[in-house]
Each structure stands twice: as C-alpha cells, then as structure tokens.
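Enquirer: What follows is a structure written as structure tokens; I'll ask about it next.
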Amino acid sequence: SLCHLNGEYLRLCDAKVSVLDRGFIFGDGVYEVLPAYGGRIFRFEQHMARLDRSLGALRIHNPHTHAEWLALARRLIDALVASTGAPNQLVYIQITRGVAPRDHVMVPGLRPTVFVMVSEMKQATPAQREQGARCVSADDFRWKMAHIKTTSLLAAVMARQISADVGAAETVMFRDGHLSEASSSNVWVVKNGVVMGPPKDHLLLEGIRFGLIEEMCQAQGIPFELRRITRAEVLDADELMLSSATKEVLPITTLDDQPVGHGAARGRPGPIYTRLYAAYQ
Ligand code: PDD
C-alpha cells in the first residue's frame with residue numbers, strides 16, 4: 001500500500017530510511033495513531049495538539065502545518081480506500097529527529113524524518129465486545145515520561161508481552177501500588193456509578209479518548225473523577241474499561257483470571273461501559 005516518506009508518496013515496501021536515522025539508533029522520535037471512520041479522521045485537532053506537545057518535549061520542530069498533515073493523511077486514506085475498500089482506517093504518523101552521526105547530543109537543525117502510513121482499522125467484533133477483554137496486571141517498569149508519545153516503546157513492548165504470553169488482551173500496570181495505564185491504552189475504573197481514572201501526569205499517556213471519556217460522562221450525567229487509584233480499588237471495581245484509538249472503549253471482564261465486577265454483572269460487560277460505548281458510536 002501507499003505511504004509517505006519525507007515528501008514522497010511511494011509503496012510501503014519501497015520506503016527506506018538511513019541506518020543512521022536517530023529513530024533507528026535511539027528511538028528518538030514521536031508518533032500518533034489517528035482513527036478514521038468512513039475516511040474522516042476522528043478528533044484530528046486533538047491528535048495534532050498532542051503531536052505538537054510530544055514534539056515540543058523532544059525539541060523537534062514540527063515539519064508540517066496541521067493542514068498539511070491533514071492533506072497528507074487524506075491522500076493516503078483515499079489511496080487505501082480505492083485499493084481495498086477498507087471501511088475504517090488507521091493513520092500512523094512518525095517523526096524522528098533525523099539522520100546524523102551517532103551521538104546522544106541533540107543535533108540542532110536536522111531535517112526530521114517524516115513517515116506516514118495508513119492501514120485498515122481492525123475493530124473488535126460484537127462477539128469480542130460481548131466477551132470483553134482478559135487482562136493481566138504487572139508492575140509499571142516504564143520510564144517516568146510516559147506522557148510523551150515517543151517511538152521508544154521497548155518497555156511498552158515488554159509490558160504487552162506479559163499478557164500476550166498468556167493469550168490475554170492487555171497488561172494493566174501499577175506504579176508503586178497505583179494504577180497508571182495499560183501497555184497501549186488507558187484504563188478506567190467504575191465504582192458505585194462513578195467513572196474514575198488516574199490523574200493526568202507524567203506517568204501516563206493522555207489518550208485522545210481520555211478527554212473524550214470525560215466529555216461523554218459529562219454529557220451522560222455520569223459522575224467522573226481523576227485521582228490516584230489503588231490496586232485494591234481496581235480489584236474491587238464494579239467495571240473496568242480500556243480506551244484507545246483502536247479499542248475505542250472496551251470492557252475488561254477478567255483481570256489476573258478473576259472475573260471483574262459483582263453480582264449478576266460479574267465477568268460481563270457492565271452498564272456504564274454499555275452507555276459509553278453507545279455514546280462513542
Ligand atoms: N496507543 N496509553 C498508551 C501507553 C498508548 O500507547 C495509547 C495509544 C493510549 C490511548 O491513547 P488514544 O486514546 O489517543 O489512542 C494510552 C496507540 C493506539 C498505539 O500505540 O498504537
């Protein structure tokens with residue numbers, strides 16, 4: 001399929017980057033994953049604002065305006081839809097600091113490497129939504145700048161593998177006994193009708209769905225609170241949910257082999273999830 005590399009449109013299999021690219025050498029770059037429904041990118045401006053924040057944190061200059069990014073993504077979405085008919089799409093944007101002789105110091109004035117690709121967005125099936133996600137928990141061993149959406153994802157890869165090794169969908173992480181997030185999604189806790197998430201700080205990535213969940217709760221009259229959440233509170237939750245570009249909102253129905261929730265809803269998608277998923281659609 002078609003992709004974009006440094007101003008050129010070419011086939012994905014023809015796109016090549018230098019071995020001295022700092023993305024390859026140091027993981028010195030940022031990325032975004034934007035969902036598109038029927039070719040229309042969802043929450044584009046919010047994704048652009050986060051991209052600007054990530055680039056700013058790494059002192060990389062944004063090589064394109066938001067309008068240019070949009071035009072670029074549109075062209076790739078159109079090409080994908082024309083060749084595959086994919087109903088929904090996923091746009092991946094990556095910017096690295098650029099190519100330079102290996103040296104940790106940030107070389108000023110480098111031309112950032114720009115890469116964009118688009119693929120079909122694979123969403124959970126109704127059966128998978130009905131079943132919910134099986135998750136495992138782990139210590140959050142990532143670095144303390146998790147708010148930056150960087151391509152340095154080794155810790156996220158290792159965290160994800162903990163759940164993959166047992167055939168589970170995600171790894172829910174705790175730092176010093178408090179919930180942070182999952183390897184590539186945010187985590188939500190429902191207790192007594194209140195939707196709770198951890199505070200927005202440097203220990204987690206503020207998903208674009210993070211603000212959206214808050215907005216949807218407000219619109220639905222569901223109490224919403226951000227605060228430190230203990231492991232005991234997570235284990236005693238009425239409902240647990242994941243959110244991300246690809247998962248949208250997804251119920252966690254088992255954590256460490258224990259069914260989530262209480263009473264008749266135990267181990268099943270809960271009512272708050274059902275309302276938020278409907279609102280999301
Ligand atoms: N992951 N937390 C982490 C660590 C993430 O990597 C992601 C997204 C999220 C959710 O953010 P959003 O709602 O903006 O998708 C939270 C993307 C999808 C990925 O790495 O593929």
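Within each chain, counting starts at residue 1; across the structure tokens, chains are named A, B, ... in the order shown, with ligands numbered 1 upward in that order.
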Which neighbours of A:Val187 fall inside 6 Å, counting only C-alpha atoms, when residues of the same chain fewer than 6 positions from it are skipped, and could you give them as a PyMOL selection string?
Expert: chain A and resi 181+241-242
Enquirer: Kindly save the residues from that selection, with C-alpha atoms included, as a PDB file, in the first residue's frame.
Expert:
```
ATOM      1  CA  GLU A 181      -2.458   2.620  32.366  1.00  0.00           C
ATOM      2  CA  MET A 241     -12.554  -0.474  30.838  1.00  0.00           C
ATOM      3  CA  LEU A 242      -9.802   0.182  28.324  1.00  0.00           C
TER       4      LEU A 242
END
```
Enquirer: As a list in words, please: the residues near stretch 148-156 of chain A (cut-off 6 Å, only C-alpha atoms, same-chain neighbours under 6 positions excluded).
Expert: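 Everything that qualifies: Gly27, Gly29, Val30, Ser54, Arg142 and Ser183 of chain A.
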Enquirer: Write out, as a PDB file, in the first residue's frame, the residues just selected, with C-alpha atoms.
Expert:
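Written output follows (part.pdb):
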```pdb
ATOM      1  CA  GLY A  27      14.220   5.603  19.327  1.00  0.00           C
ATOM      2  CA  GLY A  29      11.092  10.242  17.700  1.00  0.00           C
ATOM      3  CA  VAL A  30       7.373  10.609  18.284  1.00  0.00           C
ATOM      4  CA  SER A  54       5.291  15.363  22.071  1.00  0.00           C
ATOM      5  CA  ARG A 142       8.439   2.135  32.083  1.00  0.00           C
ATOM      6  CA  SER A 183       0.668  -1.044  27.569  1.00  0.00           C
TER       7      SER A 183
END
```
Enquirer: Quick one: everything within 12 Å of A:Leu51, counting only C-alpha atoms, minus sequence neighbours fewer than 6 positions away in the same chain. Send it as a PyMOL selection string.
Expert: chain A and resi 29-34+44-45+57-66+69+92-95+147-150+205-208
Enquirer: If we count only C-alpha atoms, what is near A:His202 at a cut-off of 7 Å, once residues fewer than 5 positions away on the same chain are taken out, given as a list in words?
Expert: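 Counting only the stated atoms, we get Lys144, Met145, Ala146 and His147 of chain A.
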Enquirer: Residues near stretch 161-165 of chain A, anyone? I mean within 6 Å using only C-alpha atoms, not counting same-chain ones fewer than 5 positions away, as a VMD selection string.
Expert: chain A and resid 136 170 to 171
Enquirer: Next, write the just-selected residues to a file, as a short mmCIF file (atom, residue, chain, number, x, y, z; two decimals), in the first residue's frame, keeping N, CA and C atoms as the atom set.
Expert:
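Generated file (result.cif):
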```cif
data_model
loop_
_atom_site.label_atom_id
_atom_site.label_comp_id
_atom_site.auth_asym_id
_atom_site.auth_seq_id
_atom_site.Cartn_x
_atom_site.Cartn_y
_atom_site.Cartn_z
N VAL A 136 -4.05 -8.96 32.27
CA VAL A 136 -3.22 -9.31 33.42
C VAL A 136 -2.58 -8.04 33.94
N GLU A 170 -4.47 -7.34 27.17
CA GLU A 170 -3.71 -6.15 27.58
C GLU A 170 -3.08 -6.38 28.95
N THR A 171 -2.07 -5.55 29.22
CA THR A 171 -1.38 -5.57 30.51
C THR A 171 -1.70 -4.28 31.24
#
```
Enquirer: Going by DSSP on the backbone, which bits of stretch 101-135 of chain A are strand (DSSP E)? Write them as a count of residues only, please.
Expert: 11
Enquirer: Show me, as a list in words, the residues that have an atom within 9 Å of stretch 118-123 of chain A when counting only C-alpha atoms, minus same-chain residues fewer than 5 positions from it.
Expert: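 Once the nearby chain positions are removed, what remains is Ser1, Leu2, Cys3, Pro35, Ala36, Tyr37, Ala73, Leu76, Ile77, Leu80, Val81, Thr84, Gly85, Ala86, Pro87, Asn88, Gln89, Leu90, Val91, Tyr92, Ile93, Thr246, Lys247 and Glu248 of chain A.
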Enquirer: Could you save those same residues with N, CA and C atoms as a PDB file, in the first residue's frame?
Expert:
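Below is the file selection27.pdb, written as the result:
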```
ATOM      1  N   SER A   1       0.837  -1.203   0.000  1.00  0.00           N
ATOM      2  CA  SER A   1       0.000   0.000   0.000  1.00  0.00           C
ATOM      3  C   SER A   1       0.874   1.256   0.000  1.00  0.00           C
ATOM      4  N   LEU A   2       0.225   2.394  -0.237  1.00  0.00           N
ATOM      5  CA  LEU A   2       0.948   3.656  -0.391  1.00  0.00           C
ATOM      6  C   LEU A   2       1.309   4.238   0.973  1.00  0.00           C
ATOM      7  N   CYS A   3       2.494   4.842   1.060  1.00  0.00           N
ATOM      8  CA  CYS A   3       2.862   5.559   2.277  1.00  0.00           C
ATOM      9  C   CYS A   3       3.538   6.871   1.897  1.00  0.00           C
ATOM     10  N   PRO A  35      -7.556   7.377  14.307  1.00  0.00           N
ATOM     11  CA  PRO A  35      -8.583   6.567  13.672  1.00  0.00           C
ATOM     12  C   PRO A  35      -9.407   7.406  12.690  1.00  0.00           C
ATOM     13  N   ALA A  36      -9.783   6.780  11.578  1.00  0.00           N
ATOM     14  CA  ALA A  36     -10.660   7.455  10.615  1.00  0.00           C
ATOM     15  C   ALA A  36     -11.856   6.546  10.345  1.00  0.00           C
ATOM     16  N   TYR A  37     -13.042   7.145  10.358  1.00  0.00           N
ATOM     17  CA  TYR A  37     -14.285   6.396  10.122  1.00  0.00           C
ATOM     18  C   TYR A  37     -14.858   6.844   8.788  1.00  0.00           C
ATOM     19  N   ALA A  73      -2.564  12.856   5.111  1.00  0.00           N
ATOM     20  CA  ALA A  73      -3.301  11.683   5.601  1.00  0.00           C
ATOM     21  C   ALA A  73      -4.467  11.366   4.663  1.00  0.00           C
ATOM     22  N   LEU A  76      -3.459   9.436   1.580  1.00  0.00           N
ATOM     23  CA  LEU A  76      -3.178   8.015   1.845  1.00  0.00           C
ATOM     24  C   LEU A  76      -4.459   7.249   2.160  1.00  0.00           C
ATOM     25  N   ILE A  77      -5.372   7.898   2.861  1.00  0.00           N
ATOM     26  CA  ILE A  77      -6.657   7.240   3.150  1.00  0.00           C
ATOM     27  C   ILE A  77      -7.386   6.965   1.836  1.00  0.00           C
ATOM     28  N   LEU A  80      -5.887   4.045   0.070  1.00  0.00           N
ATOM     29  CA  LEU A  80      -6.221   2.763   0.714  1.00  0.00           C
ATOM     30  C   LEU A  80      -7.660   2.363   0.399  1.00  0.00           C
ATOM     31  N   VAL A  81      -8.563   3.338   0.497  1.00  0.00           N
ATOM     32  CA  VAL A  81      -9.975   3.042   0.242  1.00  0.00           C
ATOM     33  C   VAL A  81     -10.155   2.614  -1.211  1.00  0.00           C
ATOM     34  N   THR A  84      -8.539  -1.055  -1.397  1.00  0.00           N
ATOM     35  CA  THR A  84      -9.049  -2.155  -0.562  1.00  0.00           C
ATOM     36  C   THR A  84     -10.508  -1.999  -0.151  1.00  0.00           C
ATOM     37  N   GLY A  85     -11.031  -0.780  -0.227  1.00  0.00           N
ATOM     38  CA  GLY A  85     -12.396  -0.557   0.238  1.00  0.00           C
ATOM     39  C   GLY A  85     -12.541  -0.592   1.754  1.00  0.00           C
ATOM     40  N   ALA A  86     -11.408  -0.521   2.469  1.00  0.00           N
ATOM     41  CA  ALA A  86     -11.452  -0.560   3.948  1.00  0.00           C
ATOM     42  C   ALA A  86     -12.443   0.478   4.470  1.00  0.00           C
ATOM     43  N   PRO A  87     -13.443   0.046   5.250  1.00  0.00           N
ATOM     44  CA  PRO A  87     -14.464   0.999   5.700  1.00  0.00           C
ATOM     45  C   PRO A  87     -13.930   2.020   6.699  1.00  0.00           C
ATOM     46  N   ASN A  88     -13.059   1.573   7.593  1.00  0.00           N
ATOM     47  CA  ASN A  88     -12.444   2.469   8.572  1.00  0.00           C
ATOM     48  C   ASN A  88     -10.931   2.310   8.484  1.00  0.00           C
ATOM     49  N   GLN A  89     -10.234   3.399   8.836  1.00  0.00           N
ATOM     50  CA  GLN A  89      -8.795   3.398   8.593  1.00  0.00           C
ATOM     51  C   GLN A  89      -8.031   3.865   9.826  1.00  0.00           C
ATOM     52  N   LEU A  90      -6.758   3.517   9.835  1.00  0.00           N
ATOM     53  CA  LEU A  90      -5.900   3.929  10.931  1.00  0.00           C
ATOM     54  C   LEU A  90      -4.681   4.635  10.329  1.00  0.00           C
ATOM     55  N   VAL A  91      -4.471   5.878  10.732  1.00  0.00           N
ATOM     56  CA  VAL A  91      -3.346   6.660  10.209  1.00  0.00           C
ATOM     57  C   VAL A  91      -2.214   6.616  11.237  1.00  0.00           C
ATOM     58  N   TYR A  92      -1.031   6.239  10.797  1.00  0.00           N
ATOM     59  CA  TYR A  92       0.151   6.222  11.665  1.00  0.00           C
ATOM     60  C   TYR A  92       1.105   7.307  11.184  1.00  0.00           C
ATOM     61  N   ILE A  93       1.445   8.231  12.069  1.00  0.00           N
ATOM     62  CA  ILE A  93       2.399   9.305  11.760  1.00  0.00           C
ATOM     63  C   ILE A  93       3.619   9.111  12.646  1.00  0.00           C
ATOM     64  N   THR A 246      -7.856   2.267  18.738  1.00  0.00           N
ATOM     65  CA  THR A 246      -8.353   1.045  18.099  1.00  0.00           C
ATOM     66  C   THR A 246      -9.386   0.314  18.962  1.00  0.00           C
ATOM     67  N   LYS A 247      -9.232   0.397  20.287  1.00  0.00           N
ATOM     68  CA  LYS A 247     -10.182  -0.310  21.160  1.00  0.00           C
ATOM     69  C   LYS A 247     -11.442   0.505  21.397  1.00  0.00           C
ATOM     70  N   GLU A 248     -11.383   1.812  21.073  1.00  0.00           N
ATOM     71  CA  GLU A 248     -12.477   2.727  21.409  1.00  0.00           C
ATOM     72  C   GLU A 248     -12.675   2.614  22.923  1.00  0.00           C
TER      73      GLU A 248
END
```
Enquirer: Can you work out which one of A:Gly261, A:Leu72, A:Arg111, A:Arg50 has the shortest atom-to-atom distance to A:Asp21, counting only C-alpha atoms?
Expert: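 Closest to A:Asp21 of all the choices is A:Arg111.
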Enquirer: Quick one: pull the distance between atom CA of A:His178 and atom CA of A:Glu215, Å, one decimal.
Expert: 24.1 Å
Enquirer: Can you list every residue in stretch 13-171 of chain A that DSSP puts in alpha helix (DSSP H), as a VMD selection string?
Expert: chain A and resid 22 to 26 44 to 58 66 to 84 126 to 131 154 to 164
Enquirer: Determine the nearest neighbour of ligand 1 from the options A:Ile25, A:Val157, A:Ile272, A:Met196, counting only C-alpha atoms and all ligand atoms.
Expert: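 Ranked by minimum distance to ligand 1, first place goes to A:Val157.
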Enquirer: Could you work out how far atom CA of A:Pro199 lies from atom CA of A:Gly263, giving the answer in Å with one decimal?
Expert: 29.0 Å
Enquirer: Interatomic distance between atom CA of A:Ile41 and atom CA of A:Arg275?
Expert: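 Atom CA of A:Arg275 lies 23.0 Å from atom CA of A:Ile41.
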